[in-house]
Every structure is written in structure tokens, then in C-alpha cells.
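Reviewing the structure listed below.
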Amino acid sequence: MRQRTFLFITLLTIFSGMAAQQQVGDDSLRVMDYEHPKEYVIAEVTVSGIEFIQKEVLVSLSGLKPGNTITLPGDEVTNVLKKFWSQGLFSDAMISAKKIRNDSVWLDIYLTERARISRLTIVGVGKSEQQDLREKINLRNGQQVTDDIMDNTKRIIRDHFIEKGFLNTEVGINLKDDTIRVNMVHMEINVDKKGRVKIDEIYFTGANTFKPSLLRRKMKDTKKVNINIFKASKLVSETFKEDKKKLIEFYNENGYRDAKVISDSVGFIPEMDNRLNLYLNMEEGNQYRFGDVTWIGNTKYPSELLNAVLGIEKGDIFDQSILDERLFIDEDAVNGVYLDHGYLFFSLTPVEVSVEDDTIDFEMRIYEGEIALINKVIISGNTRTNEHVVRRELRTLPGDKFSKQELIRTVRELANLGHFDPEQIEPNPIPNQSDGTVDIEYKLTERATDQLEVSGGYGGGMLVGTVGIRFSNFAASRLFDPKAWRPVPSGDGQTFSIRAQTNGRLYQSYNFSFIEPWFGGRKPNSFSISGYYSKMNRNPYAFWAGGDASNIPDEYYSVIGATLGLGRRLTWPDDFFTLYNGFSYQRYKVKDYPGLFIVENGHFNNFSFTTTIGRNSQTQMIYPRGGSNISLSLQITPPYSLFNPGRDYINIPDDDKYKWVEYHRWMFKADWFHALLGDLVLMARMQYGYLGHYNDDIGPSPFEGFDLGGDGLSGYNLYGRETIAQRGYPNRSLTPVDESGNKSGNVYTKYTLELRYPVSLNPSATIFVLGFLEAGNAWYSIDQFSPFSAKRAAGVGVRAFLPMFGLLGIDWGYGFDPYPGHPGLSGSQFHFTMGQQF
């Protein structure tokens, strides 16, 4: 109606202009004949009434060009007006003839722009929701207000709240003229959420096989009202569609492959505000089972072997996902039998050859192809690590038969180097079927591995500061290359670390270590060397006691030592096994220092040999999802006392009795990792330690032993003393007291169950949360050992691996048992960790 009105006005204007020109020009006396329109030549086109849009653009949009002809009256004017109205940008539009002279016409396009937003307000919701809505609708001051914009704004806001369960949300928009600025409006959006609509009940019709409660549980996000605070009851269209798919997947997994949701509907409950019932009409169909499986085309492996690998028996409930997993997906799937032995061009097609009643017979059609040999191995993305460090870990070498198992093993080895992001290691086989070869490309992403430690800790009644740095990709061979110091030589996969702890003159500790994982460069034989020095005064406050420092008693404990080790990878029982052998020497000096050890004065020596056999198959270092890490170690000294059987070791002085310390220490540790669902991982750990002696007259070593309880961070180092963390109890609280009143554990055991889930697997910050059950205890002698007499605890925690600082963590644990010196329950305890696992 508005367009007809404006068209009438426009034509009237044109005709008026024509009449006004009758006194101008040679043929000014001509009269407009409506039944016989006339063509005119456009002399000029102008635009008026516009403030913000370029007039040249509007003239171009009109299609009216000087020199062109136009018929007046005619459809051209109507079509031009339709163009402008279709843009939705104008509230008024008309075309007038400013002048007519002879056969020429001067046209003016008059347009009134729609109002623009001068201010936007949203009422009916809180400030945080207002901000969310502003970001979603994305309206700016100065933006034109059109019908489409208002409709879209209402739709976006309604959808926003419907997603949150407010199905009855109403949105209104009021436009108020700006009294200061012309053609500007204040847009006010009124939102009425009307309360969240919750699902009172979910009804299933046609579903007779499974209980409704089970079917409701399969719908992960569409829940009825219940006491579950973690899943809100709301109906969201997209998640409801996904839940219906999950429901059908559940039926498919139980053999009902024809199951479907015929229809669904909702019904609001009149007597209950904001409540509805959800109805699903199901068709289950028949339950199918696997029938006969026939193999065709298999010449390399017999059908009996392939059936055993498939693991599906006749009569088993049909499940397409299980069939796919056993044929193609699982590590021990049927295709692995071929791919592990070089048959890269192998293909397998399962075909349903018969469906009778409820039984499905399959024909497994196999194309075996020829064995593929590895042609080239391409390494990319190793921007810091030298290529030879990567290549020496490869299990897929040029000339070898292709093997899926060796490909997976190579990925594991590269992940466990620690130099690359394990989540982004991409092995890419590139088949060359024409010549029967395959190229393999390993795409790597470097990550920062060097670690800086700057921290403060409390232990032994004093504050201790720590400064340390660890280079995990060091290159000693480039020490004398000036270009390699950026900031240090790197790329050879060696580890070099230095660390210092101090509390001024009260406590000092320094250590360094160096590890070459491929000593000699030909085989994975590791070489390690470390050295350390530590000294601690007896009285941490003596230095500030006042007076002349020379009057303060020189009472201290110190140790200096070094370790030299060689390790190698074994090939039997399999190549996950490693063997480490090392020699270490420590020299202790104790002067007037009672309470810490059995001895108070003297110089003592500890020369020992350590051998460790281990098997590490965990999938990666920081967040393993599978595999295990098991080790058994023995640290042993020569049995010096047995060389002097007639000597009285009971009555000789301590500095003579322990001049050469003797003991044998056994340690067993085992970790198992298992992915339960996706990235949800169960970790089980068991530890056992025993410090034995050769001679009862000498007894246990005064310097070795186990301290159990707390976070495992003592604040200072006591070389030879193993500090074992156990959450839920204070530091060292589970360490028993010996006959002299000193804390000394010679036997311990510990059991841990952890459930882990990652928050972030980003290499710059790997974060995971965990819940744990833990139990353990320590005893003074093996006679007291009782593996099931353990102190129990449970709790939760979080771990964050930052490449610059290593592993950081915090745990809250609750101890359910008393500990020595504390008759009540241990109760609530917080623990912090740095650079270690509990």
C-alpha cells in the first residue's frame, strides 16, 4: 500500500514537472499523453535526502544513466523504486523530474534513510547476560535499523535462552526517537525469560526390550528433573538430536540395527509452571545375531587364524561397531595381521551375503597384495633436535618390510624422547603401489624441554631457596662452537643439569648431572655421571645467635659424592627391557650432630654398586594412556664385616664401626596405565623398599633409609635417605622411630590408585585433574613388616606440566588413620609438589 502511494506521488510529481516546463524550450506547449508515453533522454540524475550513503553508489544502483532513454510514464520508474525498497535501507523513496526541455529530462531520486541506532539498552536480564547478548547480536551505534535486523536480533536472543532451557522466552524491541540527533533512535530490547522449562518425565512408546530408566541414561544431555546437580534438566534442540542418535547407537550395539525414533513430541503440563513431558515413539525392529563368517582371498593366513583374531562367534549379538573394531580399528585387529607383516596394500571388504530371520552371514573378501618395502623415511618439524637423534629411534628403516606395529612403536619412542609434542606426532605412510614401496614421513612439533627452577621451601625448621636449570636436549659436542650458544648448545638429546640450595651458611647443597643416552652413538647405551655436595649445620639459628661468630660451636653434617653409571636396552625378553649398572661413592662427615643419625661424630665412607632392571612400555612421559613402567633395583656395598669375622663390632666406637658403611637395599616400583574411556585414565602404582644389613652387631646403615609421608619435598637433601610421598599425612609422619629416638624407616610399602582426566594437553601447559586412593606404611625392621597394615587416605588434586618449570601440583588428601605421635585421625592435609609424581 505504501509503495502504491509513493508511486502515485512520484508520477504526480513527474507530470507536474512536465507541466511546469511547458513554457520552456521549442516544444514547450506539448501536452503529456498518458495513452501514448514518450521517450526522453536522461540529461542528469541526482540524489537528495541522503546523509550517510555515497550518492554515486545510489545512482549506479538505480541503473539510470545520462544519455540513456526513459519512457515516461513507464515501468522504468516503478522498477527503480522497487530496487531501493528491496534494500531495506530506506523509509521513503520517490523520483521526480526537476526539468524537461525538448526531449531531455532532468531526474532527482529522493531517499529517506532508515533511522540509525544512537543507543542500545537491554532490560530484563543481568549485567553478565547483557554482555553475552551484546556480543551475540553485534549491534553498533550508528547502525541502521531494518526489519531484518530486528527480526534477527529477536531470533538470536530467543535461541540463546532456549539453549539454556528457557523455551518460553519473549523478546520485544521498542524504538524511541532521539530528541537530540535527527534520524537516530534509542533501541530498547525487552527480554522476558519466563523461567526455565524443565523436563518432568520422558516417555517411550514402542520400546519394550529395555527399561525406560536405562534408555533415559543413554540420553546424555536430555535429562528429566532429578537430584543430579551436574546435569540440568532442559530441552535443547541440537543436543536432543544428538541424544536420539545415542539412543539408536545403543540399540544398534545390542543387535537392533533397524531401530529408529519414529516421532517425538512435547506436552506442557498445565498445572505445573515451566514443566513439560517429552514423548518418543520408538520402533525397535528385530534383534540380529552374527551367523557364519567365510573368508575369501586369504592365501597367506588360514581362515582358522583369522577367525581367532576376529574373536566373533556365531550366535553373538550383532554390533556393527564391534565388527569394525575387530576388523580395522583395534591394535590387534584382523588388518594388523597383514599390516604388521608388510602387506600395506591389503584390503578387506565385509559383505552381508545372507540375512535370514535374525541371523546375518558375512563374507570377508580379502585382497592381500604384495609385501611393501620401506623406500624413504622423511623427518620434518625437528627445528631444534638434530636429525640423527630422531633417526636412531626409528623402528621403520629403509629396506625393511612395512609394519604397523613398528610404526606405532616408533611414535612411542619419539614421544618418550620428550623433545616433541606427543599429541602432534603424525606418521604418514605414502604408498607407491606402482613399485611396491612406501615412503614414511614423521611430522614432528618441537616443544620446550629446558626447565628453570627458582623456588623456596620449608623443611628442617628453616627456609631453603633453590635455583636450578636443566637442559634436556643438550649437545656437548658443540661446546666450542660459538654459533651454538643460543643460549646453550642443543640438539643431541643429552641432559645436563645443575642445582643449588641454600639457607645462607646454615644449609648448602650443590649438584650436577650429565646423561648421554647413546654413548658411542651406535647403540642405545646410556652413560651418566653426577656429583654433589651438601652441608647442614645443627642449629639453624646459631649464625644469628649474636656475639663473636668464632664462639659458635662448629656442629654440622656434610656429604660429598659422585656416581658413574652405564645403561643399555635389552632385546630379551623384549626390547622394552633396560638394564642399568652404576657405581657411587659418598663420604660423610658428622661433627657433634645428634638426633639426625645414629652416629654423632666421625668420617664415614659409602662405596656401592647399583643394578636396576626395568621394563617401560608407557605410551608417553607426561600423560600416558597405556602401558606400564616396572623396575627392580638392588644397591649393594661390599660386606666388610664378613671379611673380619672375629672382630667385636658391638663395643667398638661408631666412627670405626661405620667407617665403611655396609648394606643392601632393594627397591621395587610398578606403574600401570589404562585408558577407561577416551582420555580418562586409571593409574595403579605399587612400591616396596627394604634396607637390609649383613651383620646384626652392626645393624642398619646410619645414613640410608626411607622417610614416608607428606608431599615428598623435605626442603633439603639427605643423600642416601629416600623420601617417599604419601598424601593425607604430614611430612615424615609415617617414618618409625628407632631405638635411639631417631626417625628411621628400613622397610616401606605403598599402594596408589589414581583416576586422571586431562584439562589441557597443550604442550605449553599440560594440565590434568585426578582423584586418588592411597595407602602405605613404614617399619623399622623386616620383622615388623605387614603389607596390609597400611595407613589409608583419599583425595583429589591437579597437575600442570610447564616446560620451563616441570611438573607442578597441589593435592588435598584426607588421612583415615592415626600416625605415630598423633592418636587421632590424620584428617585433612594439603600437599604441594614440584618435579615429581606421588
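By convention here, the chains of the C-alpha cells are called A, B, ... in the order presented, each chain's residues are numbered starting at 1, and ligands are numbered starting at 1 in the order presented.
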| Taking the backbone alone, and naming residues the way the document does, which bits of stretch 484-665 of chain A are strand (DSSP E or B) by DSSP, as JSON, numbers by chain? | {"A": [490, 494, 495, 496, 497, 498, 499, 500, 501, 502, 503, 505, 507, 508, 509, 510, 511, 512, 513, 514, 515, 516, 525, 526, 527, 528, 529, 530, 531, 532, 533, 534, 535, 536, 537, 556, 557, 558, 559, 560, 561, 562, 563, 564, 565, 566, 567, 568, 569, 577, 578, 579, 580, 581, 582, 583, 584, 585, 586, 587, 588, 589, 590, 591, 594, 597, 602, 603, 604, 605, 606, 607, 608, 609, 610, 611, 612, 613, 614, 615, 616, 626, 627, 628, 629, 630, 631, 632, 633, 634, 635, 636, 660, 664, 665]}
How would the residues just picked look written out with C-alpha atoms as a compact mmCIF listing (two decimals), in the first residue's frame?
```txt
# COMPACT_ATOMS: atom_id res chain seq x y z
CA SER A 490 71.42 -28.12 21.92
CA GLN A 494 71.76 -35.16 26.14
CA THR A 495 70.70 -34.00 29.60
CA PHE A 496 72.73 -31.58 31.69
CA SER A 497 71.55 -30.08 34.97
CA ILE A 498 72.94 -28.02 37.81
CA ARG A 499 71.15 -27.18 41.03
CA ALA A 500 71.92 -25.25 44.21
CA GLN A 501 70.03 -25.00 47.51
CA THR A 502 70.96 -22.78 50.39
CA ASN A 503 69.86 -21.10 53.58
CA ARG A 505 75.57 -20.54 55.97
CA TYR A 507 72.49 -25.19 54.78
CA GLN A 508 74.09 -25.53 51.37
CA SER A 509 73.72 -28.14 48.65
CA TYR A 510 75.11 -28.28 45.12
CA ASN A 511 74.82 -30.95 42.45
CA PHE A 512 75.25 -31.53 38.76
CA SER A 513 74.47 -34.39 36.37
CA PHE A 514 75.09 -35.31 32.76
CA ILE A 515 73.43 -38.09 30.72
CA GLU A 516 74.34 -39.28 27.23
CA ASN A 525 73.69 -47.50 25.77
CA SER A 526 73.45 -44.63 28.21
CA PHE A 527 76.28 -43.03 30.14
CA SER A 528 75.64 -40.90 33.21
CA ILE A 529 77.78 -39.05 35.71
CA SER A 530 76.76 -36.90 38.65
CA GLY A 531 78.39 -35.16 41.58
CA TYR A 532 77.06 -33.48 44.70
CA TYR A 533 77.98 -31.74 47.90
CA SER A 534 75.76 -30.92 50.85
CA LYS A 535 76.35 -29.41 54.29
CA MET A 536 73.93 -28.59 57.10
CA ASN A 537 74.61 -27.01 60.48
CA TYR A 556 77.47 -29.93 61.17
CA TYR A 557 76.80 -32.80 58.82
CA SER A 558 78.18 -32.91 55.26
CA VAL A 559 78.41 -35.33 52.36
CA ILE A 560 80.30 -35.26 49.10
CA GLY A 561 79.85 -37.89 46.43
CA ALA A 562 79.77 -38.93 42.81
CA THR A 563 78.00 -41.56 40.69
CA LEU A 564 79.02 -43.16 37.42
CA GLY A 565 76.52 -45.29 35.51
CA LEU A 566 76.02 -47.26 32.31
CA GLY A 567 72.68 -48.45 30.98
CA ARG A 568 71.59 -50.40 27.94
CA ARG A 569 68.45 -51.53 26.19
CA PHE A 577 63.55 -54.02 29.00
CA THR A 578 66.55 -51.98 30.17
CA LEU A 579 69.49 -52.71 32.44
CA TYR A 580 71.39 -50.09 34.43
CA ASN A 581 74.59 -50.57 36.42
CA GLY A 582 76.33 -47.87 38.39
CA PHE A 583 78.99 -47.22 40.99
CA SER A 584 78.77 -44.47 43.56
CA TYR A 585 80.95 -43.16 46.33
CA GLN A 586 79.94 -40.90 49.22
CA ARG A 587 81.98 -39.50 52.05
CA TYR A 588 80.08 -38.38 55.13
CA LYS A 589 81.41 -36.09 57.81
CA VAL A 590 79.46 -35.68 61.06
CA LYS A 591 80.62 -33.39 63.85
CA PRO A 594 72.99 -35.85 67.40
CA PHE A 597 71.65 -40.22 62.54
CA GLY A 602 83.26 -39.21 62.55
CA HIS A 603 84.19 -39.65 58.91
CA PHE A 604 82.36 -42.37 57.00
CA ASN A 605 82.56 -43.87 53.52
CA ASN A 606 79.92 -45.41 51.31
CA PHE A 607 81.01 -47.26 48.18
CA SER A 608 78.15 -49.07 46.46
CA PHE A 609 77.11 -50.78 43.29
CA THR A 610 73.57 -50.40 41.90
CA THR A 611 71.89 -52.58 39.33
CA THR A 612 68.38 -51.95 38.02
CA ILE A 613 66.36 -53.98 35.59
CA GLY A 614 63.24 -52.33 34.27
CA ARG A 615 60.57 -52.51 31.63
CA ASN A 616 58.97 -49.31 30.40
CA GLY A 626 48.55 -47.12 28.38
CA GLY A 627 51.49 -49.36 29.11
CA SER A 628 53.48 -49.85 32.29
CA ASN A 629 56.74 -48.91 33.97
CA ILE A 630 58.24 -51.58 36.23
CA SER A 631 61.66 -51.63 37.86
CA LEU A 632 63.57 -53.75 40.37
CA SER A 633 66.83 -52.38 41.76
CA LEU A 634 69.50 -53.51 44.17
CA GLN A 635 72.07 -51.23 45.73
CA ILE A 636 74.78 -53.16 47.50
CA TRP A 660 82.86 -48.18 55.64
CA HIS A 664 71.92 -53.98 50.67
CA ARG A 665 68.85 -52.01 49.56
```
| field | Non-local contacts of stretch 255-266 of chain A (10 Å; only C-alpha atoms; under 3 positions in same chain excluded) as a PyMOL selection string | value | chain A and resi 199+202-207+235+244-245+247-252+269+276-290+316-320+358
| message | Report, in Å to a single decimal, how far apart atom CA of A:Leu414 and atom CA of A:Pro429 are. | response |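 That distance, rounded to one decimal, is 16.4 Å.
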| query | From the list A:Gln143, A:Ala476, A:Arg134, A:Asn254, which residue is nearest A:Ile157 when using only C-alpha atoms? | reply |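 Closest candidate: A:Arg134.
Across the model, the gap from atom CA of A:Asn307 to atom CA of A:Val355 is 20.1 Å.
Distances to A:Val759 were evaluated for A:Ala43, A:Leu734, A:Ala800, A:Ala793 using only C-alpha atoms, and the minimum falls at A:Ala800.
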| message | Here is a test: counting only C-alpha atoms, which residue of A:Pro639, A:Thr294, A:Val57, A:Leu506 is nearest to A:Val464? | response |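 Closest candidate: A:Leu506.
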| request: Can you pull out every residue within 12 Å of A:Asn298, counting only C-alpha atoms, but drop anything in the same chain fewer than 2 positions away, and send it as a list in words? | output: Thr294, Trp295, Ile296, Lys300, Tyr301, Pro302, Ser303, Glu304, Leu305, Leu306, Asn307, Val334, Asn335, Val337, Tyr338, Phe346, Ser347, Leu348, Glu363, Met364, Arg365, Ile366, Tyr367, Glu368 and Gly369 of chain A
Same residues, C-alpha atoms, saved as a tab-separated table (two decimals), in the first residue's frame:
```tsv
chain	number	residue	atom	x	y	z
A	294	THR	CA	33.54	-67.00	5.40
A	295	TRP	CA	36.99	-65.74	4.30
A	296	ILE	CA	37.75	-65.37	0.60
A	300	LYS	CA	48.87	-66.13	3.48
A	301	TYR	CA	46.90	-66.91	6.64
A	302	PRO	CA	44.35	-69.67	7.22
A	303	SER	CA	40.72	-68.91	7.95
A	304	GLU	CA	41.04	-70.51	11.40
A	305	LEU	CA	43.68	-67.94	12.38
A	306	LEU	CA	41.66	-65.02	11.04
A	307	ASN	CA	38.55	-66.24	12.88
A	334	VAL	CA	42.49	-58.51	11.63
A	335	ASN	CA	44.09	-55.92	9.36
A	337	VAL	CA	47.86	-59.40	10.97
A	338	TYR	CA	48.60	-58.28	7.42
A	346	PHE	CA	45.98	-55.28	1.73
A	347	SER	CA	42.23	-54.55	1.67
A	348	LEU	CA	39.28	-56.24	3.36
A	363	GLU	CA	31.76	-62.97	3.50
A	364	MET	CA	35.13	-61.34	4.21
A	365	ARG	CA	36.65	-60.54	0.82
A	366	ILE	CA	40.40	-60.04	1.06
A	367	TYR	CA	42.92	-58.63	-1.40
A	368	GLU	CA	46.34	-59.37	0.06
A	369	GLY	CA	48.61	-57.71	-2.47
```
| task | List every residue of stretch 14-205 of chain A that DSSP, applied to the backbone of this structure, places in helix (DSSP H, G or I), and write the result as a ChimeraX atom specification. | result | /A:14-20,55-62,75-86,127-137,147-163
| Nearest-residue call for A:Ala765, choices A:Ile379, A:Leu676, A:Leu327, A:Leu808, using only C-alpha atoms |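 For A:Ala765, the nearest of the candidates is A:Leu808.
What separates atom CA of A:Arg217 from atom CA of A:Ile329 is a distance of 27.0 Å.
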| message | Would you pick out the contacts of A:Leu691 at 8 Å or less, using only C-alpha atoms, so that residues sharing its chain but fewer than 3 positions from it are not included, and give the list as a list in words? | response | Tyr663, His664, Arg665, Trp666, Pro700, Glu704, Gly705, Asn746 and Val747 of chain A
| message | Quick one: residues within 8 Å of A:Leu107, only C-alpha atoms, excluding same-chain residues fewer than 5 positions away - as a ChimeraX atom specification? | response | /A:42-46,95-99
| query | Nearest to A:Ile598: which of A:Ile698, A:Ala794, A:Val488, A:Ala93 is it, counting only C-alpha atoms? | reply | A:Ile698
